[in-house]
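The block underneath contains the structure these notes are about, expressed in structure tokens.
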2 protein chains.
Amino acid sequence: MTQVTAQAEPTSGSRIPLSRDRVLRAAVKVADEGGVEAITMRRLADELGAEAMSLYYHVARKEDILEGIVDVIAREVNDAVGQVRGPSEGAAWKTAMRQRILSARQVFLRHPWAPGLFERHASTSPAVLRYFDALLGIMRDGGFSYDLAHHALHALGSRALGFAQEMFDPGDGAGGEEDTAALDAMAGQFPHLAGMMAEIAHDDPDSTLGWCDDQTEFEFGLDLILDGLDRMRQSA
Amino acid sequence: MTQVTAQAEPTSGSRIPLSRDRVLRAAVKVADEGGVEAITMRRLADELGAEAMSLYYHVARKEDILEGIVDVIAREVNDAVGQVRGPSEGAAWKTAMRQRILSARQVFLRHPWAPGLFERHASTSPAVLRYFDALLGIMRDGGFSYDLAHHALHALGSRALGFAQEMFDPGDGAGGEEDTAALDAMAGQFPHLAGMMAEIAHDDPDSTLGWCDDQTEFEFGLDLILDGLDRMRQSA
DNA sequence: ACCTGAACACCGTTCAAGT
DNA sequence: ACCTGAACACCGTTCAAGT
């Protein structure tokens, strides 16, 4: 009945043996809670009720774990987009592609730490290859040559997988309190940035903070590219 | 004359005092030689002929250094694009933008480790803000509303700065030696990927390795986006 | 004002040893 | 076959102490 006893033998389920799969799932859980940098051999071991050194029996080294969880997330993406079914012949390629990518995006919203890892390890993951293979299939149905489809995947870049690293986020620099003061100070150095923020604030007076709707911007960029590709498809 | 003496007092120039600027320049040099992960307080100190702890007098912590070198590279970008001069009124906005971005890209080719840092620290760099401000100016000259220009920067994403993280790189997975064998094995699981690689290899028999010309793909994606934006500009 | 030595709490990883 | 303790070489960072 004492807390001490309960702590010495944590939970009854913690006796199941380690495995590569359990290590990877633990890593995803830890990253979901504290980001990639929270993934530590010792932290994973804690999570699994084991010692750090025990992990090396199931994975070669930490990099191996990082490659592994990219594949785990990519499988989650494939599961998510697998639900989406619809025609992809001819002009329908575009909505098919759009739906797949937008539902892939949902997965990355659940794992905001994952994009950084994908940039380093995507090419080692079979699940990522399977994902791209499916996208190529859709484009083929739409009448793309392999050559154009190849360019298309490069043009989409990480957007094909459902995420875009945001390079440009005004409002990150200027704080939330002295809005007008900071804006005036900025107007001198960065007139267009200041003008833009003023216009957007005018359009939507409610959004004094959080200038950019990520979903809107993602879809804007995605549609811009898909529309351009569709034009090329038709003129080919 | 002995090597010992020479090693004890390395080079005569190593007496100049430390400074935030010297620390940042050393960090860029170290990263150029060994990537971001080579940036270590002790390694930087070595480079500067000092002790690791001395750096803390000039920078707050390692993150501060990483933010700092993003700004250093962004200034290098601004210097590079500053050379480019040309009209940007009306339809000329597109070539002006294109030239700026392509010459920004040259800087990142010299610092291939930098993109990863920009994704985390771009919004803290005044030089990055200045760069974006200039791009906005070009688009304004072209007749963009601030609203459309804002969407445009999001659509371009990292491409606006001159780099694109390559998500998709076939040929990374399949090795260089057993080409046909690996391709056959792949054909079962990833028919479209295999088909695409076969077609591309057919088009260009010389490129058995290195399927994708990065410069070509970058320009393809860039032009696709710029053309789409130009259409929106005209119909606005 | 500027730099450093010693020390701390953490890493990833190896290896011989336990069961 | 699977797990671990002790140990190593490395981190970033603090702090009192040197000049």
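Just so we're on the same page: first chain in the structure tokens is A, next is B, and so on; residues restart at 1 for each chain, and ligands are numbered from 1 in the order they show up.
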
What are the residues of chain C that have an atom within 10 Å of an atom of chain A, counting only C-alpha atoms (C1' of nucleotides), as an MDAnalysis selection string? chainID C and resid 11:14

Which residues come within 12 Å of DA17 of chain D, counting only C-alpha atoms (C1' of nucleotides), excluding same-chain residues fewer than 4 positions away, as an mmCIF file with N, CA and C atoms (P, O5', C5', C4', C3', O3' and C1' of nucleotides), in the first residue's frame?
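New file selection.cif:
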data_model
loop_
_atom_site.group_PDB
_atom_site.id
_atom_site.type_symbol
_atom_site.label_atom_id
_atom_site.label_comp_id
_atom_site.auth_asym_id
_atom_site.auth_seq_id
_atom_site.Cartn_x
_atom_site.Cartn_y
_atom_site.Cartn_z
ATOM 1 P P DC C 3 39.403 38.034 -24.334
ATOM 2 O "O5'" DC C 3 39.764 36.938 -23.225
ATOM 3 C "C5'" DC C 3 41.139 36.665 -22.999
ATOM 4 C "C4'" DC C 3 41.282 35.831 -21.756
ATOM 5 C "C3'" DC C 3 40.995 34.342 -21.940
ATOM 6 O "O3'" DC C 3 42.242 33.656 -22.025
ATOM 7 C "C1'" DC C 3 40.208 35.199 -19.842
ATOM 8 P P DT C 4 42.231 32.110 -22.339
ATOM 9 O "O5'" DT C 4 42.029 31.502 -20.880
ATOM 10 C "C5'" DT C 4 43.083 31.586 -19.948
ATOM 11 C "C4'" DT C 4 42.650 30.951 -18.650
ATOM 12 C "C3'" DT C 4 42.356 29.458 -18.741
ATOM 13 O "O3'" DT C 4 43.286 28.788 -17.936
ATOM 14 C "C1'" DT C 4 40.726 30.590 -17.451
ATOM 15 P P DG C 5 43.751 27.341 -18.232
ATOM 16 O "O5'" DG C 5 43.469 26.649 -16.817
ATOM 17 C "C5'" DG C 5 43.308 27.471 -15.650
ATOM 18 C "C4'" DG C 5 43.020 26.623 -14.430
ATOM 19 C "C3'" DG C 5 42.991 25.114 -14.648
ATOM 20 O "O3'" DG C 5 43.366 24.472 -13.430
ATOM 21 C "C1'" DG C 5 40.767 25.930 -14.284
ATOM 22 P P DA C 6 43.271 22.947 -13.215
ATOM 23 O "O5'" DA C 6 41.877 22.810 -12.433
ATOM 24 C "C5'" DA C 6 41.520 23.773 -11.447
ATOM 25 C "C4'" DA C 6 40.172 23.422 -10.808
ATOM 26 C "C3'" DA C 6 39.846 21.930 -10.799
ATOM 27 O "O3'" DA C 6 39.125 21.641 -9.608
ATOM 28 C "C1'" DA C 6 38.176 23.060 -12.002
#

Between A:Gly49, A:Pro191, A:Pro112, A:Gly86, which residue has the minimum interatomic distance to Asp32 of chain A, considering only C-alpha atoms? A:Pro112

At a cut-off of 6 Å, can you tabulate as a tab-separated table every residue of chain A near chain B together with its closest atom pair and the distance in Å to one decimal, using only C-alpha atoms and ordering rows by chain then number?
residue	atom	partner	partner_atom	distance
A:Glu119	CA	B:Met167	CA	5.9
A:Asp133	CA	B:His192	CA	5.5
A:Tyr146	CA	B:Met196	CA	5.1
A:Ala155	CA	B:Gly221	CA	4.2
A:Gly157	CA	B:Met167	CA	5.7
A:Ser158	CA	B:Met167	CA	5.7
A:Met167	CA	B:Ser158	CA	5.7
A:Phe190	CA	B:Asp133	CA	5.8
A:His192	CA	B:Asp133	CA	5.5
A:Leu193	CA	B:Asp133	CA	5.5
A:Met196	CA	B:Tyr146	CA	5.1
A:Gly221	CA	B:Ala155	CA	4.2

Writing out the chosen residues with N, CA, C and O atoms as a PDB file, in the first residue's frame:
ATOM      1  N   GLU A 119      13.898  15.640 -43.413  1.00  0.00           N
ATOM      2  CA  GLU A 119      14.855  16.272 -44.311  1.00  0.00           C
ATOM      3  C   GLU A 119      16.203  15.558 -44.323  1.00  0.00           C
ATOM      4  O   GLU A 119      16.918  15.598 -45.300  1.00  0.00           O
ATOM      5  N   ASP A 133       5.868   6.613 -54.599  1.00  0.00           N
ATOM      6  CA  ASP A 133       5.436   5.736 -55.687  1.00  0.00           C
ATOM      7  C   ASP A 133       3.951   5.925 -55.967  1.00  0.00           C
ATOM      8  O   ASP A 133       3.521   5.981 -57.121  1.00  0.00           O
ATOM      9  N   TYR A 146       6.833  10.296 -67.083  1.00  0.00           N
ATOM     10  CA  TYR A 146       7.662  10.125 -65.895  1.00  0.00           C
ATOM     11  C   TYR A 146       8.580  11.322 -65.701  1.00  0.00           C
ATOM     12  O   TYR A 146       8.878  11.735 -64.584  1.00  0.00           O
ATOM     13  N   ALA A 155       9.546  19.929 -57.515  1.00  0.00           N
ATOM     14  CA  ALA A 155       8.928  21.242 -57.336  1.00  0.00           C
ATOM     15  C   ALA A 155       8.112  21.279 -56.045  1.00  0.00           C
ATOM     16  O   ALA A 155       8.130  22.264 -55.308  1.00  0.00           O
ATOM     17  N   GLY A 157       8.621  19.352 -53.448  1.00  0.00           N
ATOM     18  CA  GLY A 157       9.549  19.242 -52.317  1.00  0.00           C
ATOM     19  C   GLY A 157       8.859  18.644 -51.102  1.00  0.00           C
ATOM     20  O   GLY A 157       8.124  17.669 -51.225  1.00  0.00           O
ATOM     21  N   SER A 158       9.095  19.254 -49.942  1.00  0.00           N
ATOM     22  CA  SER A 158       8.514  18.707 -48.723  1.00  0.00           C
ATOM     23  C   SER A 158       6.996  18.844 -48.719  1.00  0.00           C
ATOM     24  O   SER A 158       6.305  18.132 -47.988  1.00  0.00           O
ATOM     25  N   MET A 167       9.742  29.587 -43.407  1.00  0.00           N
ATOM     26  CA  MET A 167      10.947  30.406 -43.365  1.00  0.00           C
ATOM     27  C   MET A 167      10.594  31.809 -42.925  1.00  0.00           C
ATOM     28  O   MET A 167      11.322  32.508 -42.273  1.00  0.00           O
ATOM     29  N   PHE A 190      12.533  48.485 -42.332  1.00  0.00           N
ATOM     30  CA  PHE A 190      11.884  47.538 -43.243  1.00  0.00           C
ATOM     31  C   PHE A 190      10.520  48.063 -43.657  1.00  0.00           C
ATOM     32  O   PHE A 190       9.492  47.564 -43.203  1.00  0.00           O
ATOM     33  N   HIS A 192       8.617  47.845 -46.304  1.00  0.00           N
ATOM     34  CA  HIS A 192       7.635  46.965 -46.934  1.00  0.00           C
ATOM     35  C   HIS A 192       7.076  45.948 -45.950  1.00  0.00           C
ATOM     36  O   HIS A 192       5.884  45.656 -45.952  1.00  0.00           O
ATOM     37  N   LEU A 193       7.956  45.437 -45.096  1.00  0.00           N
ATOM     38  CA  LEU A 193       7.504  44.513 -44.052  1.00  0.00           C
ATOM     39  C   LEU A 193       6.475  45.202 -43.166  1.00  0.00           C
ATOM     40  O   LEU A 193       5.417  44.642 -42.854  1.00  0.00           O
ATOM     41  N   MET A 196       3.257  45.810 -45.100  1.00  0.00           N
ATOM     42  CA  MET A 196       2.508  44.562 -45.272  1.00  0.00           C
ATOM     43  C   MET A 196       1.768  44.182 -43.997  1.00  0.00           C
ATOM     44  O   MET A 196       0.587  43.832 -44.031  1.00  0.00           O
ATOM     45  N   GLY A 221       0.071  27.720 -51.499  1.00  0.00           N
ATOM     46  CA  GLY A 221       1.278  27.277 -52.188  1.00  0.00           C
ATOM     47  C   GLY A 221       1.075  25.975 -52.930  1.00  0.00           C
ATOM     48  O   GLY A 221       1.540  25.805 -54.061  1.00  0.00           O
TER      49      GLY A 221
END

Would you pick out the contacts of Leu24 of chain A at 10 Å or less, using only C-alpha atoms (C1' of nucleotides), so that residues sharing its chain but fewer than 6 positions from it are not included, and give the list as a tab-separated table (two decimals) with N, CA, C and O atoms, in the first residue's frame?
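See selection.tsv below for the written result:
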chain	number	residue	atom	x	y	z
A	30	VAL	N	8.30	10.01	-26.92
A	30	VAL	CA	9.16	10.99	-26.26
A	30	VAL	C	9.25	12.27	-27.11
A	30	VAL	O	9.18	13.38	-26.58
A	44	LEU	N	14.96	7.16	-23.35
A	44	LEU	CA	14.19	6.07	-23.95
A	44	LEU	C	14.19	4.86	-23.03
A	44	LEU	O	13.17	4.20	-22.84
A	59	VAL	N	19.01	-1.85	-31.51
A	59	VAL	CA	19.33	-0.86	-32.55
A	59	VAL	C	20.84	-0.66	-32.56
A	59	VAL	O	21.51	-0.83	-31.55
A	64	ASP	N	20.29	5.20	-36.06
A	64	ASP	CA	19.44	4.10	-36.48
A	64	ASP	C	18.01	4.33	-35.97
A	64	ASP	O	17.03	4.08	-36.68
A	65	ILE	N	17.91	4.80	-34.74
A	65	ILE	CA	16.59	5.10	-34.17
A	65	ILE	C	15.92	6.23	-34.94
A	65	ILE	O	14.73	6.16	-35.27
A	66	LEU	N	16.68	7.27	-35.25
A	66	LEU	CA	16.10	8.42	-35.96
A	66	LEU	C	15.62	8.01	-37.35
A	66	LEU	O	14.52	8.39	-37.77
A	67	GLU	N	16.42	7.21	-38.05
A	67	GLU	CA	15.96	6.69	-39.34
A	67	GLU	C	14.71	5.85	-39.15
A	67	GLU	O	13.78	5.91	-39.95
A	68	GLY	N	14.70	5.08	-38.09
A	68	GLY	CA	13.57	4.19	-37.83
A	68	GLY	C	12.27	4.94	-37.60
A	68	GLY	O	11.22	4.55	-38.12
A	69	ILE	N	12.31	6.04	-36.84
A	69	ILE	CA	11.05	6.72	-36.56
A	69	ILE	C	10.56	7.52	-37.76
A	69	ILE	O	9.37	7.77	-37.88
A	70	VAL	N	11.48	7.90	-38.67
A	70	VAL	CA	11.02	8.50	-39.92
A	70	VAL	C	10.15	7.49	-40.66
A	70	VAL	O	9.07	7.82	-41.16
A	71	ASP	N	10.61	6.25	-40.69
A	71	ASP	CA	9.82	5.21	-41.35
A	71	ASP	C	8.50	4.96	-40.61
A	71	ASP	O	7.46	4.75	-41.24
A	72	VAL	N	8.53	5.02	-39.30
A	72	VAL	CA	7.29	4.86	-38.51
A	72	VAL	C	6.28	5.93	-38.89
A	72	VAL	O	5.11	5.64	-39.16

Members of segment 14-131 of chain B assigned helix (DSSP H, G or I) by DSSP, as number ranges by chain: B: 14-15, 20-34, 36-38, 41-48, 52-57, 62-83, 90-110, 114-124, 126-131

Calculate how many Å separate atom CA of Tyr57 of chain A from atom CA of Ala27 of chain A, rounding to one decimal. 15.9 Å

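Picture a line from atom CA of Arg231 of chain B to atom CA of Ala92 of chain B; it runs 13.4 Å.
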